[in-house]
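Next up, target-v9.cif (mmCIF, N, CA and C atoms):
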```cif
data_run
loop_
_atom_site.group_PDB
_atom_site.id
_atom_site.type_symbol
_atom_site.label_atom_id
_atom_site.label_comp_id
_atom_site.auth_asym_id
_atom_site.auth_seq_id
_atom_site.Cartn_x
_atom_site.Cartn_y
_atom_site.Cartn_z
ATOM 1 N N MET A 4 14.209 84.052 -11.247
ATOM 2 C CA MET A 4 13.867 82.715 -10.806
ATOM 3 C C MET A 4 15.123 82.077 -10.206
ATOM 4 N N ASN A 5 15.012 81.646 -8.982
ATOM 5 C CA ASN A 5 16.181 81.039 -8.349
ATOM 6 C C ASN A 5 16.211 79.535 -8.610
ATOM 7 N N LYS A 6 17.301 78.919 -8.153
ATOM 8 C CA LYS A 6 17.518 77.497 -8.373
ATOM 9 C C LYS A 6 16.399 76.642 -7.758
ATOM 10 N N TYR A 7 15.919 77.061 -6.578
ATOM 11 C CA TYR A 7 14.862 76.335 -5.864
ATOM 12 C C TYR A 7 13.563 76.352 -6.660
ATOM 13 N N SER A 8 13.182 77.496 -7.198
ATOM 14 C CA SER A 8 11.944 77.620 -7.984
ATOM 15 C C SER A 8 12.018 76.795 -9.261
ATOM 16 N N ALA A 9 13.167 76.810 -9.901
ATOM 17 C CA ALA A 9 13.337 76.037 -11.130
ATOM 18 C C ALA A 9 13.215 74.545 -10.841
ATOM 19 N N SER A 10 13.779 74.118 -9.717
ATOM 20 C CA SER A 10 13.715 72.714 -9.335
ATOM 21 C C SER A 10 12.275 72.285 -9.078
ATOM 22 N N ILE A 11 11.500 73.119 -8.407
ATOM 23 C CA ILE A 11 10.086 72.817 -8.148
ATOM 24 C C ILE A 11 9.322 72.736 -9.462
ATOM 25 N N GLY A 12 9.624 73.656 -10.378
ATOM 26 C CA GLY A 12 8.958 73.650 -11.680
ATOM 27 C C GLY A 12 9.225 72.369 -12.450
ATOM 28 N N VAL A 13 10.471 71.894 -12.412
ATOM 29 C CA VAL A 13 10.827 70.661 -13.110
ATOM 30 C C VAL A 13 10.081 69.482 -12.493
ATOM 31 N N TRP A 14 10.023 69.408 -11.158
ATOM 32 C CA TRP A 14 9.325 68.309 -10.495
ATOM 33 C C TRP A 14 7.824 68.340 -10.796
ATOM 34 N N CYS A 15 7.265 69.534 -10.907
ATOM 35 C CA CYS A 15 5.844 69.634 -11.259
ATOM 36 C C CYS A 15 5.593 69.099 -12.662
ATOM 37 N N LEU A 16 6.493 69.410 -13.591
ATOM 38 C CA LEU A 16 6.351 68.900 -14.963
ATOM 39 C C LEU A 16 6.495 67.379 -15.002
ATOM 40 N N VAL A 17 7.427 66.845 -14.227
ATOM 41 C CA VAL A 17 7.606 65.397 -14.170
ATOM 42 C C VAL A 17 6.346 64.740 -13.608
ATOM 43 N N ALA A 18 5.806 65.304 -12.533
ATOM 44 C CA ALA A 18 4.589 64.760 -11.931
ATOM 45 C C ALA A 18 3.429 64.803 -12.915
ATOM 46 N N LEU A 19 3.279 65.896 -13.640
ATOM 47 C CA LEU A 19 2.214 66.022 -14.635
ATOM 48 C C LEU A 19 2.387 64.978 -15.735
ATOM 49 N N ALA A 20 3.607 64.779 -16.191
ATOM 50 C CA ALA A 20 3.865 63.790 -17.236
ATOM 51 C C ALA A 20 3.501 62.389 -16.751
ATOM 52 N N LEU A 21 3.838 62.068 -15.502
ATOM 53 C CA LEU A 21 3.498 60.750 -14.954
ATOM 54 C C LEU A 21 1.995 60.554 -14.863
ATOM 55 N N VAL A 22 1.269 61.586 -14.476
ATOM 56 C CA VAL A 22 -0.193 61.507 -14.396
ATOM 57 C C VAL A 22 -0.775 61.277 -15.786
ATOM 58 N N LEU A 23 -0.279 61.994 -16.779
ATOM 59 C CA LEU A 23 -0.787 61.836 -18.145
ATOM 60 C C LEU A 23 -0.499 60.443 -18.687
ATOM 61 N N VAL A 24 0.687 59.923 -18.425
ATOM 62 C CA VAL A 24 1.028 58.577 -18.887
ATOM 63 C C VAL A 24 0.118 57.555 -18.211
ATOM 64 N N ALA A 25 -0.125 57.703 -16.920
ATOM 65 C CA ALA A 25 -1.004 56.773 -16.205
ATOM 66 C C ALA A 25 -2.412 56.813 -16.774
ATOM 67 N N GLU A 26 -2.909 57.986 -17.123
ATOM 68 C CA GLU A 26 -4.255 58.095 -17.687
ATOM 69 C C GLU A 26 -4.331 57.437 -19.050
ATOM 70 N N VAL A 27 -3.304 57.600 -19.870
ATOM 71 C CA VAL A 27 -3.288 56.974 -21.189
ATOM 72 C C VAL A 27 -3.267 55.461 -21.038
ATOM 73 N N GLN A 28 -2.468 54.933 -20.101
ATOM 74 C CA GLN A 28 -2.420 53.491 -19.905
ATOM 75 C C GLN A 28 -3.756 52.957 -19.415
ATOM 76 N N ASP A 29 -4.430 53.678 -18.516
ATOM 77 C CA ASP A 29 -5.744 53.244 -18.039
ATOM 78 C C ASP A 29 -6.749 53.209 -19.179
ATOM 79 N N ALA A 30 -6.693 54.194 -20.069
ATOM 80 C CA ALA A 30 -7.625 54.248 -21.194
ATOM 81 C C ALA A 30 -7.385 53.086 -22.158
ATOM 82 N N ALA A 31 -6.139 52.635 -22.247
ATOM 83 C CA ALA A 31 -5.802 51.560 -23.169
ATOM 84 C C ALA A 31 -5.975 50.182 -22.546
ATOM 85 N N ALA A 32 -6.278 50.121 -21.272
ATOM 86 C CA ALA A 32 -6.415 48.838 -20.583
ATOM 87 C C ALA A 32 -7.583 48.047 -21.174
ATOM 88 N N VAL A 33 -7.413 46.750 -21.229
ATOM 89 C CA VAL A 33 -8.424 45.862 -21.795
ATOM 90 C C VAL A 33 -9.396 45.442 -20.694
ATOM 91 N N ASN A 34 -10.664 45.434 -21.024
ATOM 92 C CA ASN A 34 -11.688 44.919 -20.117
ATOM 93 C C ASN A 34 -11.791 43.421 -20.368
ATOM 94 N N CYS A 35 -11.167 42.623 -19.504
ATOM 95 C CA CYS A 35 -11.164 41.174 -19.684
ATOM 96 C C CYS A 35 -12.524 40.601 -19.300
ATOM 97 N N SER A 36 -13.319 40.356 -20.316
ATOM 98 C CA SER A 36 -14.644 39.793 -20.120
ATOM 99 C C SER A 36 -14.950 38.890 -21.310
ATOM 100 N N MET A 37 -15.312 37.655 -21.023
ATOM 101 C CA MET A 37 -15.658 36.737 -22.105
ATOM 102 C C MET A 37 -16.838 37.256 -22.926
ATOM 103 N N LEU A 38 -17.658 38.093 -22.329
ATOM 104 C CA LEU A 38 -18.772 38.677 -23.081
ATOM 105 C C LEU A 38 -18.283 39.486 -24.269
ATOM 106 N N GLU A 39 -17.061 40.007 -24.166
ATOM 107 C CA GLU A 39 -16.473 40.752 -25.285
ATOM 108 C C GLU A 39 -16.277 39.859 -26.512
ATOM 109 N N LEU A 40 -16.207 38.554 -26.281
ATOM 110 C CA LEU A 40 -15.990 37.614 -27.383
ATOM 111 C C LEU A 40 -17.283 36.961 -27.863
ATOM 112 N N SER A 41 -18.418 37.511 -27.469
ATOM 113 C CA SER A 41 -19.707 36.906 -27.853
ATOM 114 C C SER A 41 -19.898 36.865 -29.374
ATOM 115 N N SER A 42 -19.275 37.774 -30.092
ATOM 116 C CA SER A 42 -19.405 37.758 -31.559
ATOM 117 C C SER A 42 -18.678 36.558 -32.176
ATOM 118 N N CYS A 43 -17.875 35.860 -31.381
ATOM 119 C CA CYS A 43 -17.152 34.671 -31.869
ATOM 120 C C CYS A 43 -17.874 33.369 -31.542
ATOM 121 N N LEU A 44 -18.918 33.450 -30.760
ATOM 122 C CA LEU A 44 -19.582 32.242 -30.261
ATOM 123 C C LEU A 44 -20.042 31.313 -31.382
ATOM 124 N N GLY A 45 -20.695 31.857 -32.385
ATOM 125 C CA GLY A 45 -21.185 31.019 -33.486
ATOM 126 C C GLY A 45 -20.064 30.302 -34.217
ATOM 127 N N ALA A 46 -18.973 30.996 -34.461
ATOM 128 C CA ALA A 46 -17.839 30.381 -35.162
ATOM 129 C C ALA A 46 -17.169 29.316 -34.301
ATOM 130 N N VAL A 47 -17.090 29.553 -32.994
ATOM 131 C CA VAL A 47 -16.437 28.590 -32.102
ATOM 132 C C VAL A 47 -17.315 27.355 -31.904
ATOM 133 N N THR A 48 -18.607 27.545 -31.702
ATOM 134 C CA THR A 48 -19.483 26.397 -31.436
ATOM 135 C C THR A 48 -19.901 25.682 -32.715
ATOM 136 N N GLY A 49 -19.984 26.422 -33.826
ATOM 137 C CA GLY A 49 -20.446 25.816 -35.073
ATOM 138 C C GLY A 49 -19.357 25.545 -36.086
ATOM 139 N N GLY A 50 -18.157 26.047 -35.853
ATOM 140 C CA GLY A 50 -17.050 25.783 -36.762
ATOM 141 C C GLY A 50 -17.024 26.644 -38.005
ATOM 142 N N GLY A 51 -17.842 27.713 -38.037
ATOM 143 C CA GLY A 51 -17.867 28.580 -39.211
ATOM 144 C C GLY A 51 -16.754 29.618 -39.206
ATOM 145 N N GLN A 52 -16.796 30.474 -40.200
ATOM 146 C CA GLN A 52 -15.815 31.555 -40.311
ATOM 147 C C GLN A 52 -16.149 32.670 -39.319
ATOM 148 N N PRO A 53 -15.137 33.243 -38.682
ATOM 149 C CA PRO A 53 -15.388 34.344 -37.754
ATOM 150 C C PRO A 53 -15.701 35.631 -38.505
ATOM 151 N N SER A 54 -16.507 36.464 -37.880
ATOM 152 C CA SER A 54 -16.836 37.771 -38.460
ATOM 153 C C SER A 54 -15.666 38.738 -38.226
ATOM 154 N N PRO A 55 -15.632 39.823 -38.979
ATOM 155 C CA PRO A 55 -14.606 40.847 -38.725
ATOM 156 C C PRO A 55 -14.670 41.379 -37.284
ATOM 157 N N GLN A 56 -15.880 41.494 -36.742
ATOM 158 C CA GLN A 56 -16.008 41.962 -35.361
ATOM 159 C C GLN A 56 -15.397 40.949 -34.399
ATOM 160 N N CYS A 57 -15.614 39.675 -34.653
ATOM 161 C CA CYS A 57 -15.022 38.630 -33.822
ATOM 162 C C CYS A 57 -13.500 38.753 -33.837
ATOM 163 N N CYS A 58 -12.926 38.930 -35.008
ATOM 164 C CA CYS A 58 -11.467 39.045 -35.113
ATOM 165 C C CYS A 58 -10.946 40.272 -34.379
ATOM 166 N N ARG A 59 -11.669 41.390 -34.479
ATOM 167 C CA ARG A 59 -11.256 42.598 -33.748
ATOM 168 C C ARG A 59 -11.279 42.351 -32.248
ATOM 169 N N LYS A 60 -12.351 41.724 -31.784
ATOM 170 C CA LYS A 60 -12.486 41.461 -30.348
ATOM 171 C C LYS A 60 -11.454 40.438 -29.871
ATOM 172 N N LEU A 61 -11.184 39.442 -30.682
ATOM 173 C CA LEU A 61 -10.184 38.445 -30.316
ATOM 174 C C LEU A 61 -8.814 39.095 -30.161
ATOM 175 N N LYS A 62 -8.476 39.956 -31.097
ATOM 176 C CA LYS A 62 -7.201 40.674 -31.032
ATOM 177 C C LYS A 62 -7.162 41.565 -29.785
ATOM 178 N N GLU A 63 -8.267 42.227 -29.493
ATOM 179 C CA GLU A 63 -8.374 43.110 -28.331
ATOM 180 C C GLU A 63 -8.249 42.328 -27.020
ATOM 181 N N GLN A 64 -8.825 41.132 -26.985
ATOM 182 C CA GLN A 64 -8.853 40.319 -25.770
ATOM 183 C C GLN A 64 -7.620 39.424 -25.610
ATOM 184 N N LYS A 65 -6.700 39.451 -26.550
ATOM 185 C CA LYS A 65 -5.536 38.564 -26.492
ATOM 186 C C LYS A 65 -4.785 38.637 -25.159
ATOM 187 N N PRO A 66 -4.617 39.833 -24.546
ATOM 188 C CA PRO A 66 -3.933 39.861 -23.247
ATOM 189 C C PRO A 66 -4.690 39.115 -22.144
ATOM 190 N N CYS A 67 -5.943 38.806 -22.375
ATOM 191 C CA CYS A 67 -6.791 38.161 -21.357
ATOM 192 C C CYS A 67 -6.839 36.642 -21.495
ATOM 193 N N ILE A 68 -6.363 36.112 -22.606
ATOM 194 C CA ILE A 68 -6.547 34.689 -22.919
ATOM 195 C C ILE A 68 -5.969 33.780 -21.836
ATOM 196 N N CYS A 69 -4.793 34.084 -21.319
ATOM 197 C CA CYS A 69 -4.203 33.214 -20.282
ATOM 198 C C CYS A 69 -5.089 33.183 -19.037
ATOM 199 N N GLY A 70 -5.686 34.297 -18.705
ATOM 200 C CA GLY A 70 -6.610 34.328 -17.574
ATOM 201 C C GLY A 70 -7.824 33.459 -17.828
ATOM 202 N N TYR A 71 -8.328 33.492 -19.054
ATOM 203 C CA TYR A 71 -9.465 32.646 -19.395
ATOM 204 C C TYR A 71 -9.075 31.166 -19.317
ATOM 205 N N LEU A 72 -7.856 30.847 -19.758
ATOM 206 C CA LEU A 72 -7.399 29.459 -19.727
ATOM 207 C C LEU A 72 -7.225 28.938 -18.304
ATOM 208 N N ARG A 73 -6.971 29.822 -17.365
ATOM 209 C CA ARG A 73 -6.838 29.395 -15.963
ATOM 210 C C ARG A 73 -8.191 29.125 -15.315
ATOM 211 N N ASN A 74 -9.261 29.553 -15.968
ATOM 212 C CA ASN A 74 -10.603 29.329 -15.439
ATOM 213 C C ASN A 74 -11.106 27.981 -15.964
ATOM 214 N N PRO A 75 -11.317 26.999 -15.075
ATOM 215 C CA PRO A 75 -11.735 25.669 -15.526
ATOM 216 C C PRO A 75 -13.041 25.671 -16.324
ATOM 217 N N SER A 76 -13.917 26.627 -16.081
ATOM 218 C CA SER A 76 -15.191 26.686 -16.812
ATOM 219 C C SER A 76 -14.999 27.189 -18.240
ATOM 220 N N LEU A 77 -13.984 28.008 -18.457
ATOM 221 C CA LEU A 77 -13.758 28.587 -19.783
ATOM 222 C C LEU A 77 -12.736 27.815 -20.609
ATOM 223 N N ARG A 78 -11.839 27.109 -19.932
ATOM 224 C CA ARG A 78 -10.742 26.420 -20.618
ATOM 225 C C ARG A 78 -11.205 25.543 -21.781
ATOM 226 N N PRO A 79 -12.276 24.733 -21.630
ATOM 227 C CA PRO A 79 -12.677 23.871 -22.757
ATOM 228 C C PRO A 79 -13.047 24.661 -24.019
ATOM 229 N N TYR A 80 -13.607 25.832 -23.855
ATOM 230 C CA TYR A 80 -13.985 26.642 -25.017
ATOM 231 C C TYR A 80 -12.761 27.280 -25.663
ATOM 232 N N ILE A 81 -11.867 27.810 -24.824
ATOM 233 C CA ILE A 81 -10.680 28.497 -25.340
ATOM 234 C C ILE A 81 -9.720 27.507 -25.984
ATOM 235 N N ASN A 82 -9.628 26.297 -25.427
ATOM 236 C CA ASN A 82 -8.707 25.276 -25.945
ATOM 237 C C ASN A 82 -9.314 24.398 -27.029
ATOM 238 N N SER A 83 -10.553 24.636 -27.396
ATOM 239 C CA SER A 83 -11.211 23.762 -28.367
ATOM 240 C C SER A 83 -10.583 23.909 -29.755
ATOM 241 N N PRO A 84 -10.668 22.846 -30.552
ATOM 242 C CA PRO A 84 -10.147 22.932 -31.920
ATOM 243 C C PRO A 84 -10.798 24.066 -32.727
ATOM 244 N N ASN A 85 -12.112 24.269 -32.539
ATOM 245 C CA ASN A 85 -12.776 25.341 -33.282
ATOM 246 C C ASN A 85 -12.278 26.718 -32.851
ATOM 247 N N ALA A 86 -11.996 26.899 -31.553
ATOM 248 C CA ALA A 86 -11.467 28.186 -31.092
ATOM 249 C C ALA A 86 -10.103 28.441 -31.723
ATOM 250 N N ARG A 87 -9.299 27.400 -31.840
ATOM 251 C CA ARG A 87 -7.988 27.551 -32.476
ATOM 252 C C ARG A 87 -8.136 27.869 -33.969
ATOM 253 N N LYS A 88 -9.141 27.274 -34.616
ATOM 254 C CA LYS A 88 -9.406 27.577 -36.027
ATOM 255 C C LYS A 88 -9.852 29.034 -36.190
ATOM 256 N N VAL A 89 -10.708 29.484 -35.286
ATOM 257 C CA VAL A 89 -11.168 30.877 -35.333
ATOM 258 C C VAL A 89 -9.984 31.814 -35.152
ATOM 259 N N ALA A 90 -9.151 31.518 -34.172
ATOM 260 C CA ALA A 90 -7.975 32.355 -33.935
ATOM 261 C C ALA A 90 -7.082 32.387 -35.176
ATOM 262 N N ALA A 91 -6.852 31.226 -35.774
ATOM 263 C CA ALA A 91 -6.012 31.160 -36.964
ATOM 264 C C ALA A 91 -6.624 31.945 -38.123
ATOM 265 N N ALA A 92 -7.936 31.833 -38.301
ATOM 266 C CA ALA A 92 -8.621 32.573 -39.373
ATOM 267 C C ALA A 92 -8.500 34.077 -39.153
ATOM 268 N N CYS A 93 -8.369 34.488 -37.900
ATOM 269 C CA CYS A 93 -8.214 35.911 -37.564
ATOM 270 C C CYS A 93 -6.747 36.345 -37.570
ATOM 271 N N GLY A 94 -5.854 35.410 -37.877
ATOM 272 C CA GLY A 94 -4.435 35.740 -37.870
ATOM 273 C C GLY A 94 -3.846 35.822 -36.469
ATOM 274 N N GLU A 95 -4.476 35.148 -35.529
ATOM 275 C CA GLU A 95 -4.023 35.143 -34.143
ATOM 276 C C GLU A 95 -3.708 33.708 -33.728
ATOM 277 N N THR A 96 -3.086 33.570 -32.585
ATOM 278 C CA THR A 96 -2.865 32.256 -31.996
ATOM 279 C C THR A 96 -3.346 32.296 -30.554
ATOM 280 N N ILE A 97 -3.692 31.138 -30.057
ATOM 281 C CA ILE A 97 -4.041 31.032 -28.637
ATOM 282 C C ILE A 97 -2.737 30.691 -27.922
ATOM 283 N N PRO A 98 -2.335 31.544 -26.995
ATOM 284 C CA PRO A 98 -1.026 31.322 -26.353
ATOM 285 C C PRO A 98 -1.015 30.072 -25.485
ATOM 286 N N GLN A 99 0.160 29.517 -25.318
ATOM 287 C CA GLN A 99 0.367 28.408 -24.386
ATOM 288 C C GLN A 99 0.729 29.038 -23.050
ATOM 289 N N CYS A 100 -0.167 28.958 -22.102
ATOM 290 C CA CYS A 100 0.053 29.608 -20.809
ATOM 291 C C CYS A 100 0.386 28.604 -19.729
#
```
Show me this structure written as C-alpha coordinates.
Amino acid sequence: MNKYSASIGVWCLVALALVLVAEVQDAAAVNCSMLELSSCLGAVTGGGQPSPQCCRKLKEQKPCICGYLRNPSLRPYINSPNARKVAAACGETIPQC
(Lines of atoms letter the chains of each structure in order from A and count residues from 1; the text may use other names and numbers.)
(Lines give C-alpha, C1' and ligand atoms only; values in the text may rest on other atoms or scores of the structure.)
Protein backbone atom coordinates (compact mmCIF):
# COMPACT_ATOMS: atom_id res chain seq x y z
CA MET A 1 0.00 0.00 0.00
CA ASN A 2 1.54 3.28 -1.04
CA LYS A 3 1.22 6.68 0.59
CA TYR A 4 -1.49 7.76 -1.91
CA SER A 5 -3.72 4.73 -1.18
CA ALA A 6 -3.38 5.20 2.56
CA SER A 7 -4.34 8.85 2.24
CA ILE A 8 -7.47 7.97 0.24
CA GLY A 9 -8.39 5.35 2.84
CA VAL A 10 -8.10 7.89 5.66
CA TRP A 11 -10.27 10.42 3.78
CA CYS A 12 -12.89 7.73 3.13
CA LEU A 13 -13.02 6.93 6.85
CA VAL A 14 -13.34 10.63 7.71
CA ALA A 15 -16.17 11.03 5.18
CA LEU A 16 -17.96 7.96 6.57
CA ALA A 17 -17.63 9.29 10.12
CA LEU A 18 -19.10 12.65 9.07
CA VAL A 19 -22.05 10.93 7.39
CA LEU A 20 -22.72 8.84 10.50
CA VAL A 21 -22.55 11.87 12.78
CA ALA A 22 -24.95 13.78 10.52
CA GLU A 23 -27.42 10.88 10.57
CA VAL A 24 -27.29 10.65 14.37
CA GLN A 25 -27.92 14.40 14.68
CA ASP A 26 -30.87 14.20 12.27
CA ALA A 27 -32.37 11.34 14.28
CA ALA A 28 -32.03 13.37 17.48
CA ALA A 29 -33.57 16.51 15.98
CA VAL A 30 -36.75 17.73 17.64
CA ASN A 31 -39.96 18.05 15.67
CA CYS A 32 -41.07 21.53 16.75
CA SER A 33 -44.83 21.23 16.78
CA MET A 34 -47.21 22.54 19.42
CA LEU A 35 -49.24 19.39 18.83
CA GLU A 36 -46.45 17.55 20.63
CA LEU A 37 -47.52 19.42 23.77
CA SER A 38 -51.20 18.46 23.53
CA SER A 39 -50.84 16.27 26.63
CA CYS A 40 -50.17 19.51 28.58
CA LEU A 41 -53.28 21.33 27.40
CA GLY A 42 -55.49 20.38 30.35
CA ALA A 43 -52.88 21.40 32.92
CA VAL A 44 -52.16 24.70 31.15
CA THR A 45 -55.80 25.70 30.59
CA GLY A 46 -57.18 24.27 33.83
CA GLY A 47 -54.27 24.80 36.20
CA GLY A 48 -53.98 21.14 37.20
CA GLN A 49 -50.94 18.94 37.63
CA PRO A 50 -49.16 17.89 34.43
CA SER A 51 -49.04 14.23 33.47
CA PRO A 52 -45.73 12.37 33.15
CA GLN A 53 -46.26 12.39 29.38
CA CYS A 54 -46.69 16.16 29.44
CA CYS A 55 -43.41 16.55 31.33
CA ARG A 56 -41.59 14.27 28.87
CA LYS A 57 -42.93 16.23 25.92
CA LEU A 58 -42.16 19.57 27.54
CA LYS A 59 -38.57 18.49 28.12
CA GLU A 60 -38.37 17.22 24.53
CA GLN A 61 -39.82 20.45 23.11
CA LYS A 62 -37.64 22.79 25.21
CA PRO A 63 -35.40 23.69 22.22
CA CYS A 64 -38.56 24.88 20.42
CA ILE A 65 -39.96 27.17 23.14
CA CYS A 66 -38.29 30.37 21.87
CA GLY A 67 -39.77 29.74 18.44
CA TYR A 68 -43.20 29.32 19.98
CA LEU A 69 -42.74 32.56 21.94
CA ARG A 70 -41.98 34.44 18.71
CA ASN A 71 -45.36 33.36 17.33
CA PRO A 72 -47.96 35.94 18.45
CA SER A 73 -50.72 33.30 18.39
CA LEU A 74 -48.84 30.97 20.73
CA ARG A 75 -47.12 33.49 23.00
CA PRO A 76 -50.12 33.98 25.37
CA TYR A 77 -50.27 30.24 26.08
CA ILE A 78 -46.52 29.76 26.52
CA ASN A 79 -46.18 32.88 28.71
CA SER A 80 -49.26 32.19 30.82
CA PRO A 81 -48.93 31.73 34.58
CA ASN A 82 -50.36 28.20 34.29
CA ALA A 83 -47.79 27.26 31.62
CA ARG A 84 -45.04 28.45 33.95
CA LYS A 85 -46.57 26.39 36.78
CA VAL A 86 -46.68 23.32 34.54
CA ALA A 87 -43.07 23.85 33.54
CA ALA A 88 -42.04 24.25 37.18
CA ALA A 89 -43.96 21.10 38.19
CA CYS A 90 -42.02 19.26 35.46
CA GLY A 91 -38.72 20.64 36.73
CA GLU A 92 -38.33 22.88 33.69
CA THR A 93 -38.37 26.61 33.09
CA ILE A 94 -39.70 28.64 30.22
CA PRO A 95 -36.70 30.47 28.80
CA GLN A 96 -36.55 34.23 28.42
CA CYS A 97 -36.05 34.67 24.69
*Provide the atom C of Thr96 (chain A) to CA of Arg59 (chain A) distance in Å, to one decimal place.*
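Interatomic distance here is 13.4 Å.
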_Spatial sel., origin (-14.4, 40.9, -20.7), limit 12 Å, only C-alpha atoms, listed as a VMD selection string_ = chain A and resid 32 to 41 60 to 61 63 to 68 70 to 71
*In file coordinates, which residues lie within 10 Å of (-18.4, 27.2, -33.1) using only C-alpha atoms, given as a ChimeraX atom specification?*
/A:43-53,80,83-86,88-89
_Evaluated on this file, the PyMOL selection byres ((chain A and resi 97) around 8) picks out some residues - which ones are they, written as a list in words?_
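Listing what the PyMOL selection byres ((chain A and resi 97) around 8) selects in the shown file: Lys65, Ile68, Cys69, Ile81, Asn82, Ala86, Arg87, Ala90, Ala91, Gly94, Glu95, Thr96, Pro98, Gln99 and Cys100 of chain A.
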*Would you please give, as number ranges by chain, all residues of region 39-93 of chain A that DSSP assigns to helix (DSSP H, G or I) based on the backbone?*
A: 39-49, 55-73, 78-81, 84-92
